[in-house]
>>> print(open('model.cif').read())   # mmCIF, C-alpha atoms and all ligand atoms
data_protein
#
loop_
_atom_site.label_atom_id
_atom_site.label_comp_id
_atom_site.auth_asym_id
_atom_site.auth_seq_id
_atom_site.Cartn_x
_atom_site.Cartn_y
_atom_site.Cartn_z
CA MET A 1 90.60 110.24 139.83
CA LYS A 2 88.71 113.49 139.26
CA ILE A 3 84.91 113.36 139.05
CA GLY A 4 82.96 116.06 137.23
CA ILE A 5 79.27 116.37 138.08
CA ILE A 6 76.97 118.16 135.65
CA GLY A 7 74.28 119.78 137.79
CA GLY A 8 74.84 121.17 141.25
CA GLY A 9 71.63 120.49 143.13
CA GLN A 10 71.12 118.45 146.28
CA LEU A 11 71.86 115.19 144.47
CA GLY A 12 75.25 116.51 143.35
CA ARG A 13 75.88 117.78 146.86
CA MET A 14 75.14 114.39 148.42
CA LEU A 15 77.30 112.65 145.77
CA ALA A 16 80.22 114.89 146.77
CA LEU A 17 79.57 114.29 150.48
CA ALA A 18 79.85 110.55 149.78
CA ALA A 19 82.92 110.94 147.53
CA HIS A 20 85.09 112.92 149.96
CA PRO A 21 85.76 110.04 152.42
CA LEU A 22 86.92 107.93 149.44
CA GLY A 23 89.59 110.55 148.75
CA LEU A 24 87.68 111.90 145.75
CA SER A 25 86.76 115.58 145.47
CA PRO A 26 84.18 116.19 142.73
CA VAL A 27 83.86 119.43 140.78
CA PHE A 28 80.57 120.75 139.39
CA TYR A 29 79.25 122.32 136.20
CA GLU A 30 76.08 124.36 136.75
CA GLN A 31 74.28 127.25 135.10
CA THR A 32 74.61 129.51 138.15
CA ALA A 33 77.28 129.75 140.85
CA ASP A 34 74.63 130.17 143.52
CA THR A 35 73.81 126.47 143.80
CA CYS A 36 73.57 124.21 146.82
CA ALA A 37 76.51 121.99 145.75
CA ALA A 38 78.81 125.05 145.91
CA ALA A 39 79.17 124.35 149.66
CA VAL A 40 80.95 121.04 148.92
CA GLY A 41 83.02 121.67 145.76
CA PRO A 42 84.08 124.18 143.12
CA VAL A 43 81.46 125.09 140.50
CA SER A 44 82.26 125.97 136.86
CA THR A 45 79.39 127.99 135.49
CA GLY A 46 78.10 127.85 131.95
CA ARG A 47 74.98 127.10 129.99
CA PHE A 48 74.00 123.49 129.37
CA ASP A 49 74.18 124.18 125.61
CA ASP A 50 77.64 125.81 125.72
CA HIS A 51 79.56 123.03 123.96
CA ALA A 52 82.96 124.68 124.35
CA ALA A 53 82.58 125.24 128.11
CA LEU A 54 81.31 121.67 128.62
CA ALA A 55 84.19 120.28 126.56
CA ALA A 56 86.72 122.21 128.69
CA PHE A 57 85.03 120.90 131.85
CA ALA A 58 85.07 117.30 130.54
CA ALA A 59 88.72 117.56 129.51
CA SER A 60 89.63 118.59 133.09
CA VAL A 61 88.16 115.44 134.74
CA ASP A 62 88.49 111.63 134.48
CA VAL A 63 84.77 110.91 134.46
CA VAL A 64 81.64 113.02 133.94
CA THR A 65 78.35 112.17 135.65
CA PHE A 66 75.04 113.97 136.25
CA ASP A 67 72.73 115.00 139.02
CA TRP A 68 70.08 116.05 136.46
CA GLU A 69 68.97 114.06 133.41
CA ASN A 70 67.56 116.90 131.32
CA VAL A 71 70.89 118.27 130.09
CA PRO A 72 70.59 118.28 126.27
CA VAL A 73 71.96 114.98 124.93
CA GLU A 74 73.58 116.88 122.02
CA SER A 75 75.71 118.64 124.67
CA ILE A 76 76.73 115.35 126.33
CA ARG A 77 77.43 113.00 123.44
CA PRO A 78 80.57 114.88 122.22
CA LEU A 79 82.08 114.78 125.72
CA THR A 80 83.07 111.13 125.23
CA ARG A 81 85.89 112.48 123.01
CA PHE A 82 87.44 114.04 126.13
CA THR A 83 86.58 111.73 129.00
CA ARG A 84 84.48 108.80 130.22
CA VAL A 85 80.74 109.62 130.57
CA SER A 86 78.78 107.53 133.11
CA PRO A 87 75.92 106.77 132.90
CA PRO A 88 76.06 106.73 129.08
CA ALA A 89 74.45 109.53 127.06
CA ALA A 90 72.07 106.94 125.55
CA ALA A 91 70.52 106.38 128.99
CA LEU A 92 69.89 110.11 129.39
CA GLU A 93 68.37 110.25 125.92
CA LEU A 94 66.03 107.32 126.57
CA SER A 95 64.83 108.68 129.90
CA GLN A 96 64.34 112.27 128.70
CA ASP A 97 61.33 111.33 126.62
CA ARG A 98 58.49 109.42 128.27
CA LEU A 99 57.60 107.85 124.91
CA THR A 100 61.07 106.38 124.15
CA GLU A 101 61.29 105.31 127.80
CA LYS A 102 57.99 103.41 127.62
CA ASP A 103 58.93 101.93 124.21
CA LEU A 104 62.13 100.64 125.85
CA PHE A 105 60.16 99.15 128.78
CA ARG A 106 57.84 97.43 126.33
CA ARG A 107 60.72 96.09 124.21
CA LEU A 108 62.28 94.60 127.39
CA ARG A 109 58.93 93.06 128.45
CA ILE A 110 58.59 95.37 131.45
CA PRO A 111 54.85 96.02 131.99
CA THR A 112 53.71 99.67 131.60
CA PRO A 113 50.31 101.37 131.61
CA GLY A 114 48.73 101.45 128.12
CA TYR A 115 50.08 104.56 126.36
CA ALA A 116 50.00 106.47 123.10
CA ALA A 117 51.79 109.52 121.68
CA VAL A 118 49.58 112.60 121.44
CA ASP A 119 50.47 115.45 119.11
CA ARG A 120 46.97 116.48 117.97
CA ALA A 121 43.48 116.48 119.50
CA SER A 122 42.62 113.56 117.16
CA ASP A 123 45.46 111.47 118.68
CA LEU A 124 43.99 112.04 122.14
CA ALA A 125 40.50 111.05 120.94
CA ARG A 126 41.95 107.84 119.46
CA ALA A 127 43.89 107.07 122.66
CA ILE A 128 40.76 107.56 124.78
CA ASP A 129 38.77 105.32 122.40
CA ARG A 130 41.43 102.64 122.76
CA PHE A 131 42.26 102.82 126.48
CA GLY A 132 39.25 104.63 127.97
CA LEU A 133 39.14 107.15 130.82
CA PRO A 134 40.51 107.93 133.35
CA GLY A 135 43.92 108.62 131.91
CA VAL A 136 46.88 110.91 132.51
CA LEU A 137 48.11 113.32 129.85
CA LYS A 138 51.78 114.19 130.32
CA THR A 139 54.39 116.22 128.48
CA ARG A 140 56.88 113.80 126.93
CA ARG A 141 59.85 115.89 128.03
CA PHE A 142 60.87 117.97 131.04
CA GLY A 143 58.15 116.68 133.35
CA TYR A 144 59.11 116.06 136.96
CA ASP A 145 57.41 115.98 140.35
CA GLY A 146 54.00 115.79 138.69
CA LYS A 147 54.59 118.95 136.63
CA GLY A 148 53.27 118.99 133.05
CA GLN A 149 50.51 116.47 133.80
CA ALA A 150 46.72 116.41 133.78
CA VAL A 151 44.48 113.65 135.10
CA LEU A 152 41.60 113.16 132.65
CA ARG A 153 38.47 111.67 134.21
CA THR A 154 35.82 113.01 131.84
CA PRO A 155 35.67 114.15 128.17
CA GLY A 156 35.49 117.75 129.51
CA GLU A 157 38.70 117.26 131.52
CA ALA A 158 40.30 115.70 128.46
CA ARG A 159 39.53 118.81 126.37
CA ALA A 160 40.74 121.16 129.13
CA GLY A 161 43.90 119.09 129.80
CA PHE A 162 44.76 119.04 126.11
CA ARG A 163 44.23 122.83 125.82
CA ARG A 164 46.54 123.43 128.80
CA LEU A 165 49.38 121.13 127.65
CA ALA A 166 49.09 121.32 123.83
CA GLY A 167 51.91 122.82 121.77
CA GLN A 168 54.51 120.25 122.84
CA PRO A 169 54.77 116.49 122.31
CA LEU A 170 52.48 114.68 124.79
CA ILE A 171 51.78 111.13 125.92
CA PHE A 172 48.48 109.66 127.12
CA GLU A 173 48.73 106.96 129.77
CA GLN A 174 46.05 104.78 131.25
CA PHE A 175 45.38 105.82 134.85
CA VAL A 176 46.61 103.04 137.17
CA PRO A 177 44.45 102.69 140.32
CA PHE A 178 47.51 101.47 142.19
CA GLU A 179 47.59 99.96 145.67
CA ARG A 180 51.02 101.43 146.31
CA GLU A 181 54.09 102.87 144.62
CA VAL A 182 57.52 101.29 144.99
CA SER A 183 60.93 101.96 143.51
CA LEU A 184 64.07 99.98 142.97
CA VAL A 185 67.49 101.60 143.09
CA ALA A 186 70.26 99.54 141.51
CA VAL A 187 73.90 100.07 140.64
CA ARG A 188 76.04 98.59 137.87
CA ALA A 189 79.83 98.65 137.93
CA ARG A 190 82.14 99.04 134.94
CA SER A 191 82.80 95.29 135.22
CA GLY A 192 79.10 94.61 134.67
CA GLU A 193 78.48 93.61 138.30
CA ILE A 194 74.98 94.62 139.44
CA ARG A 195 73.69 95.17 142.96
CA THR A 196 70.14 96.13 143.88
CA TYR A 197 68.85 97.81 147.02
CA PRO A 198 65.72 96.53 148.74
CA LEU A 199 62.46 97.96 147.37
CA ALA A 200 61.25 101.24 148.88
CA GLU A 201 57.58 102.09 149.29
CA ASN A 202 56.91 105.68 148.24
CA VAL A 203 54.05 108.04 148.99
CA HIS A 204 53.59 111.08 146.75
CA GLU A 205 51.57 114.20 147.53
CA GLN A 206 50.58 116.39 144.57
CA GLY A 207 53.01 114.42 142.40
CA ILE A 208 55.98 115.09 144.74
CA LEU A 209 57.60 112.37 146.85
CA ALA A 210 56.56 112.82 150.49
CA SER A 211 58.06 109.71 152.10
CA SER A 212 59.94 106.50 151.36
CA SER A 213 59.97 103.48 153.66
CA ALA A 214 62.43 100.65 153.14
CA PRO A 215 62.79 97.78 152.94
CA PHE A 216 59.34 97.12 151.53
CA THR A 217 59.40 93.39 152.03
CA ASP A 218 57.73 91.41 149.28
CA PRO A 219 60.17 88.82 147.92
CA ARG A 220 58.12 88.14 144.77
CA LEU A 221 57.88 91.82 143.81
CA ALA A 222 61.54 92.38 144.73
CA ARG A 223 62.58 89.53 142.41
CA ALA A 224 60.42 90.87 139.56
CA ALA A 225 61.66 94.47 140.00
CA SER A 226 65.24 93.32 140.15
CA ALA A 227 64.86 91.27 136.94
CA HIS A 228 63.32 94.28 135.14
CA VAL A 229 66.02 96.67 136.28
CA ARG A 230 68.81 94.24 135.38
CA ARG A 231 67.50 94.06 131.82
CA LEU A 232 67.50 97.86 131.62
CA LEU A 233 71.04 98.16 133.02
CA GLU A 234 72.39 95.55 130.63
CA GLU A 235 70.53 96.87 127.60
CA MET A 236 71.97 100.36 128.13
CA ASP A 237 75.46 99.10 129.11
CA TYR A 238 74.88 101.30 132.12
CA VAL A 239 77.44 102.36 134.72
CA GLY A 240 76.25 104.00 137.96
CA VAL A 241 72.96 104.16 139.86
CA LEU A 242 69.61 103.79 138.09
CA ALA A 243 66.21 104.10 139.79
CA VAL A 244 62.93 102.73 138.46
CA GLU A 245 59.53 103.66 139.87
CA PHE A 246 56.68 101.16 139.71
CA PHE A 247 52.99 101.09 140.53
CA VAL A 248 51.76 97.97 142.31
CA ARG A 249 48.34 96.87 141.05
CA ALA A 250 46.74 93.52 141.91
CA GLY A 251 50.08 92.29 143.22
CA ARG A 252 51.90 93.10 139.94
CA LEU A 253 54.45 95.73 139.00
CA ILE A 254 53.70 98.34 136.32
CA ALA A 255 56.68 100.55 135.45
CA ASN A 256 56.08 104.31 135.61
CA GLU A 257 59.47 105.87 134.90
CA MET A 258 63.21 105.55 135.34
CA ALA A 259 65.82 108.05 136.46
CA PRO A 260 69.40 107.64 135.20
CA ARG A 261 70.89 108.95 138.45
CA VAL A 262 70.72 108.74 142.21
CA HIS A 263 67.10 109.15 143.27
CA ASN A 264 65.09 110.80 146.01
CA SER A 265 63.49 107.46 146.89
CA GLY A 266 67.02 106.17 147.64
CA HIS A 267 67.96 108.86 150.19
CA TRP A 268 67.12 106.43 152.99
CA THR A 269 70.23 104.44 152.00
CA ILE A 270 72.53 107.12 153.52
CA GLU A 271 71.79 105.86 157.01
CA GLY A 272 69.60 102.83 156.22
CA ALA A 273 71.90 100.70 154.04
CA VAL A 274 75.44 99.39 154.45
CA THR A 275 76.56 101.54 151.48
CA SER A 276 74.52 104.54 150.33
CA GLN A 277 73.30 105.00 146.75
CA PHE A 278 75.58 108.06 146.54
CA GLU A 279 78.70 106.16 147.55
CA ASN A 280 77.83 103.27 145.24
CA HIS A 281 77.32 105.65 142.31
CA VAL A 282 80.74 107.18 142.98
CA ARG A 283 82.31 103.72 143.37
CA ALA A 284 80.76 102.53 140.09
CA ILE A 285 81.80 105.50 137.95
CA ALA A 286 85.28 105.58 139.52
CA GLY A 287 85.84 101.90 138.73
CA LEU A 288 85.98 100.92 142.42
CA PRO A 289 84.39 97.78 143.94
CA LEU A 290 80.68 98.15 144.72
CA GLY A 291 79.52 98.21 148.35
CA ASP A 292 76.92 96.10 150.13
CA THR A 293 73.36 97.30 149.38
CA ALA A 294 71.67 95.50 152.31
CA ALA A 295 69.38 97.47 154.63
CA VAL A 296 70.56 97.86 158.23
CA GLY A 297 67.10 98.36 159.77
CA HIS A 298 63.69 99.75 158.89
CA ALA A 299 64.30 103.18 157.40
CA VAL A 300 61.87 105.99 156.73
CA MET A 301 62.74 109.17 154.85
CA VAL A 302 60.50 112.23 154.79
CA ASN A 303 61.01 115.16 152.39
CA PHE A 304 60.72 118.78 153.47
CA ILE A 305 59.13 120.74 150.65
CA GLY A 306 58.68 124.51 150.42
CA ARG A 307 59.53 125.04 154.11
CA MET A 308 62.24 123.64 156.40
CA PRO A 309 61.20 122.83 159.94
CA ALA A 310 63.60 124.14 162.63
CA ALA A 311 66.62 121.85 162.94
CA ALA A 312 66.08 121.53 166.69
CA ARG A 313 62.59 120.12 166.13
CA VAL A 314 63.76 117.53 163.62
CA LEU A 315 66.71 116.50 165.77
CA ALA A 316 64.46 116.12 168.82
CA VAL A 317 62.87 113.12 167.06
CA PRO A 318 64.67 110.03 168.41
CA GLY A 319 67.11 108.67 165.82
CA ALA A 320 66.45 111.43 163.28
CA HIS A 321 69.16 112.43 160.81
CA LEU A 322 68.67 115.83 159.18
CA HIS A 323 69.77 116.78 155.66
CA ASP A 324 69.29 120.50 154.98
CA TYR A 325 70.28 121.23 151.39
CA GLY A 326 70.88 124.94 152.13
CA LYS A 327 68.43 126.07 149.46
CA SER A 328 66.23 129.15 149.66
CA PRO A 329 62.58 128.28 150.29
CA ARG A 330 60.11 128.32 147.41
CA PRO A 331 56.71 126.60 147.19
CA GLY A 332 57.07 123.03 145.88
CA ARG A 333 60.89 123.08 146.21
CA LYS A 334 62.69 120.15 147.88
CA LEU A 335 64.70 121.83 150.68
CA GLY A 336 65.81 118.87 152.78
CA HIS A 337 64.87 115.53 154.24
CA ALA A 338 65.12 113.53 157.44
CA THR A 339 65.66 109.81 157.95
CA VAL A 340 65.07 107.54 160.91
CA VAL A 341 66.34 103.95 160.92
CA ALA A 342 64.05 102.04 163.27
CA ALA A 343 64.40 98.60 164.82
CA SER A 344 60.93 97.37 163.78
CA THR A 345 58.24 98.14 161.22
CA ALA A 346 56.00 99.44 164.03
CA ALA A 347 58.69 101.91 165.14
CA GLN A 348 59.27 102.83 161.48
CA ALA A 349 55.56 103.67 161.03
CA ARG A 350 55.60 105.77 164.25
CA ALA A 351 58.72 107.65 163.10
CA ARG A 352 57.07 108.28 159.72
CA ARG A 353 54.03 109.86 161.38
CA THR A 354 56.25 112.01 163.62
CA LEU A 355 58.40 113.22 160.71
CA LEU A 356 55.37 113.91 158.50
CA ALA A 357 53.85 116.01 161.33
CA LEU A 358 56.94 118.28 161.17
CA ARG A 359 55.93 119.21 157.61
CA ARG A 360 52.56 120.53 158.71
CA ARG A 361 53.54 123.07 161.38
P1 LIG B 1 55.55 110.98 137.34
O1 LIG B 1 56.06 112.39 137.13
O2 LIG B 1 55.22 110.29 136.04
O3 LIG B 1 56.43 110.16 138.22
O4 LIG B 1 54.17 111.13 138.12
C1 LIG B 1 54.12 111.62 139.45
C2 LIG B 1 53.08 110.87 140.24
O5 LIG B 1 51.77 111.00 139.62
C3 LIG B 1 53.32 109.36 140.29
O6 LIG B 1 54.25 109.01 141.28
C4 LIG B 1 51.90 108.86 140.61
O7 LIG B 1 51.59 109.08 141.97
C5 LIG B 1 51.05 109.77 139.74
N1 LIG B 1 50.87 109.16 138.40
C6 LIG B 1 51.64 109.36 137.31
N2 LIG B 1 51.23 108.59 136.27
C7 LIG B 1 50.16 107.89 136.68
C8 LIG B 1 49.30 106.90 136.07
N3 LIG B 1 49.45 106.53 134.78
N4 LIG B 1 48.33 106.38 136.84
C9 LIG B 1 48.15 106.76 138.14
N5 LIG B 1 48.92 107.67 138.76
C10 LIG B 1 49.92 108.24 138.06
#
>>> encode(input="model.cif", output="structure tokens", more="lines below")
Ligand code: AMP
Amino acid sequence: MKIGIIGGGQLGRMLALAAHPLGLSPVFYEQTADTCAAAVGPVSTGRFDDHAALAAFAASVDVVTFDWENVPVESIRPLTRFTRVSPPAAALELSQDRLTEKDLFRRLRIPTPGYAAVDRASDLARAIDRFGLPGVLKTRRFGYDGKGQAVLRTPGEARAGFRRLAGQPLIFEQFVPFEREVSLVAVRARSGEIRTYPLAENVHEQGILASSSAPFTDPRLARAASAHVRRLLEEMDYVGVLAVEFFVRAGRLIANEMAPRVHNSGHWTIEGAVTSQFENHVRAIAGLPLGDTAAVGHAVMVNFIGRMPAAARVLAVPGAHLHDYGKSPRPGRKLGHATVVAASTAAQARARRTLLALRRR
């Protein structure tokens, strides 16, 4: 069984690290050879719109998967002539556009913030009339880590936000004054079997994930999230790992977005769950039995962004596991993370503070 991964970032790298013990050695397709997954597998280089190169790559493997969802769908759809593609191209397509994604949530009765498509200034005025301010104006495509977004609190900010983002399809969303953010990572096998991880509680700073703590124990929310994600997996006839991020407001879930791949808020599962999200994604797409998704303690994962602390300082934290992606530093870039699996929620909170302090010095 040969796995081909389109995209060679840290997610691809961690997928390969999980695949190797199963006797599987993934290969990558990336735009440049100088990518962090190159340390763990061979990389074919080519553009994401080079149909011939992608076809040759697909024909050389038994299954194609992704570590990045913004590969053009027109490049992916034809690959099913050469090999199995998991998750399906339709899932990439739906999640690439915030409008089609929210329409899908609504169709499946998954609550979302109020939203409206914005192409012209008059659309924005109508959306603000309907939903009021504050709101968030976002690009429909290619937004990640809070990029391509403007929070609109006043009519002046609405005009400035529109001027900055106009020229591409946009979406206006009601601002959700959330109490917390949580995510659910789930996996669906080729057989249709679904397993869900416990909820993680996520804290973002400037739109970028800073920390995830899991399990976030709230049986009612966990049941609701799991029911929502099951409907998505079944609707898309999905195979592999899917992550859905939710706001929690007044004790209810409001879906923000989904990612048709392994997810940063699931990195805690490497040490904090019986089977990691990476291994379960590999198992699912390879047609192998899924592994247990139960948590083995109280995990906290902290991202290192823009600057890696010295390894010795991270590893001096009791129980800390370091993941350095081997990427060159750049402001706002995810360079690595650390996870501690604690025995209690109090120890988890202490470990979180200690790991977050490493980001500041
Ligand atoms: P996103 O790229 O949509 O995941 O947004 C990044 C982060 O911005 C989210 O995790 C939230 O912290 C914040 N955010 C995005 N959309 C909204 C919203 N409609 N209301 C409140 N906060 C939001």
>>> residues_near_ligand(input="model.cif", ligand="ligand LIG 1 (chain B)", cutoff="6 Å", atoms="all atoms listed in the file", output="list in words")
Val136, Tyr144, Asp145, Gly146, Glu173, Gln174, Phe175, Val176, Pro177, His204 and Gly207 of chain A
>>> residues_around(input="model.cif", residues="A:Pro155", least_positions_apart="3", cutoff="12 Å", atoms="only C-alpha atoms", output="ChimeraX atom specification")
/A:121,124-125,128-129,132-135,151-152,158-162
>>> residues_around(input="model.cif", residues="A:Gly9", least_positions_apart="6", cutoff="12 Å", atoms="all atoms listed in the file", output="list in words")
Leu15, Ala16, Phe28, Tyr29, Glu30, Gln31, Thr32, Ala33, Asp34, Thr35, Cys36, Ala37, Ala38, Ala39, Val40, Gly41, Val43, Phe66, Asp67, Trp68, Glu69, Val262, Tyr325, Gly326, Lys327, Arg333, Lys334, Leu335 and Gly336 of chain A
>>> atom_distance(input="model.cif", atom1="atom CA of A:Ala91", atom2="atom CA of A:Val185")
15.2 Å
>>> closest_residue(input="model.cif", among="A:Arg120, A:Ala53, A:Ala222, A:Val248", to="A:Glu181", atoms="only C-alpha atoms")
A:Val248
>>> residues_near_point(input="model.cif", point="(63.8, 103.5, 133.6)", cutoff="12 Å", atoms="only C-alpha atoms", output="VMD selection string")
chain A and resid 69 91 to 106 108 110 to 112 183 to 186 225 228 to 233 235 to 236 238 241 to 246 254 to 261 263
>>> write_last_selection(input="model.cif", atoms="C-alpha atoms", output="PDB file, keeping the file's coordinate frame")
ATOM      1  CA  GLU A  69      68.970 114.060 133.410  1.00  0.00           C
ATOM      2  CA  ALA A  91      70.520 106.380 128.990  1.00  0.00           C
ATOM      3  CA  LEU A  92      69.890 110.110 129.390  1.00  0.00           C
ATOM      4  CA  GLU A  93      68.370 110.250 125.920  1.00  0.00           C
ATOM      5  CA  LEU A  94      66.030 107.320 126.570  1.00  0.00           C
ATOM      6  CA  SER A  95      64.830 108.680 129.900  1.00  0.00           C
ATOM      7  CA  GLN A  96      64.340 112.270 128.700  1.00  0.00           C
ATOM      8  CA  ASP A  97      61.330 111.330 126.620  1.00  0.00           C
ATOM      9  CA  ARG A  98      58.490 109.420 128.270  1.00  0.00           C
ATOM     10  CA  LEU A  99      57.600 107.850 124.910  1.00  0.00           C
ATOM     11  CA  THR A 100      61.070 106.380 124.150  1.00  0.00           C
ATOM     12  CA  GLU A 101      61.290 105.310 127.800  1.00  0.00           C
ATOM     13  CA  LYS A 102      57.990 103.410 127.620  1.00  0.00           C
ATOM     14  CA  ASP A 103      58.930 101.930 124.210  1.00  0.00           C
ATOM     15  CA  LEU A 104      62.130 100.640 125.850  1.00  0.00           C
ATOM     16  CA  PHE A 105      60.160  99.150 128.780  1.00  0.00           C
ATOM     17  CA  ARG A 106      57.840  97.430 126.330  1.00  0.00           C
ATOM     18  CA  LEU A 108      62.280  94.600 127.390  1.00  0.00           C
ATOM     19  CA  ILE A 110      58.590  95.370 131.450  1.00  0.00           C
ATOM     20  CA  PRO A 111      54.850  96.020 131.990  1.00  0.00           C
ATOM     21  CA  THR A 112      53.710  99.670 131.600  1.00  0.00           C
ATOM     22  CA  SER A 183      60.930 101.960 143.510  1.00  0.00           C
ATOM     23  CA  LEU A 184      64.070  99.980 142.970  1.00  0.00           C
ATOM     24  CA  VAL A 185      67.490 101.600 143.090  1.00  0.00           C
ATOM     25  CA  ALA A 186      70.260  99.540 141.510  1.00  0.00           C
ATOM     26  CA  ALA A 225      61.660  94.470 140.000  1.00  0.00           C
ATOM     27  CA  HIS A 228      63.320  94.280 135.140  1.00  0.00           C
ATOM     28  CA  VAL A 229      66.020  96.670 136.280  1.00  0.00           C
ATOM     29  CA  ARG A 230      68.810  94.240 135.380  1.00  0.00           C
ATOM     30  CA  ARG A 231      67.500  94.060 131.820  1.00  0.00           C
ATOM     31  CA  LEU A 232      67.500  97.860 131.620  1.00  0.00           C
ATOM     32  CA  LEU A 233      71.040  98.160 133.020  1.00  0.00           C
ATOM     33  CA  GLU A 235      70.530  96.870 127.600  1.00  0.00           C
ATOM     34  CA  MET A 236      71.970 100.360 128.130  1.00  0.00           C
ATOM     35  CA  TYR A 238      74.880 101.300 132.120  1.00  0.00           C
ATOM     36  CA  VAL A 241      72.960 104.160 139.860  1.00  0.00           C
ATOM     37  CA  LEU A 242      69.610 103.790 138.090  1.00  0.00           C
ATOM     38  CA  ALA A 243      66.210 104.100 139.790  1.00  0.00           C
ATOM     39  CA  VAL A 244      62.930 102.730 138.460  1.00  0.00           C
ATOM     40  CA  GLU A 245      59.530 103.660 139.870  1.00  0.00           C
ATOM     41  CA  PHE A 246      56.680 101.160 139.710  1.00  0.00           C
ATOM     42  CA  ILE A 254      53.700  98.340 136.320  1.00  0.00           C
ATOM     43  CA  ALA A 255      56.680 100.550 135.450  1.00  0.00           C
ATOM     44  CA  ASN A 256      56.080 104.310 135.610  1.00  0.00           C
ATOM     45  CA  GLU A 257      59.470 105.870 134.900  1.00  0.00           C
ATOM     46  CA  MET A 258      63.210 105.550 135.340  1.00  0.00           C
ATOM     47  CA  ALA A 259      65.820 108.050 136.460  1.00  0.00           C
ATOM     48  CA  PRO A 260      69.400 107.640 135.200  1.00  0.00           C
ATOM     49  CA  ARG A 261      70.890 108.950 138.450  1.00  0.00           C
ATOM     50  CA  HIS A 263      67.100 109.150 143.270  1.00  0.00           C
TER      51      HIS A 263
END
>>> closest_residue(input="model.cif", among="A:Ile194, A:Ile285, A:Ala294, A:Val317", to="A:Ala19", atoms="all atoms listed in the file")
A:Ile285
>>> residues_around(input="model.cif", residues="A:Leu54", least_positions_apart="5", cutoff="10 Å", atoms="only C-alpha atoms", output="list in words")
Ile6, Tyr29, Ser44, Thr45, Gly46, Arg47, Phe48, Asp49, Ala59, Ser60, Ser75, Ile76, Pro78 and Leu79 of chain A
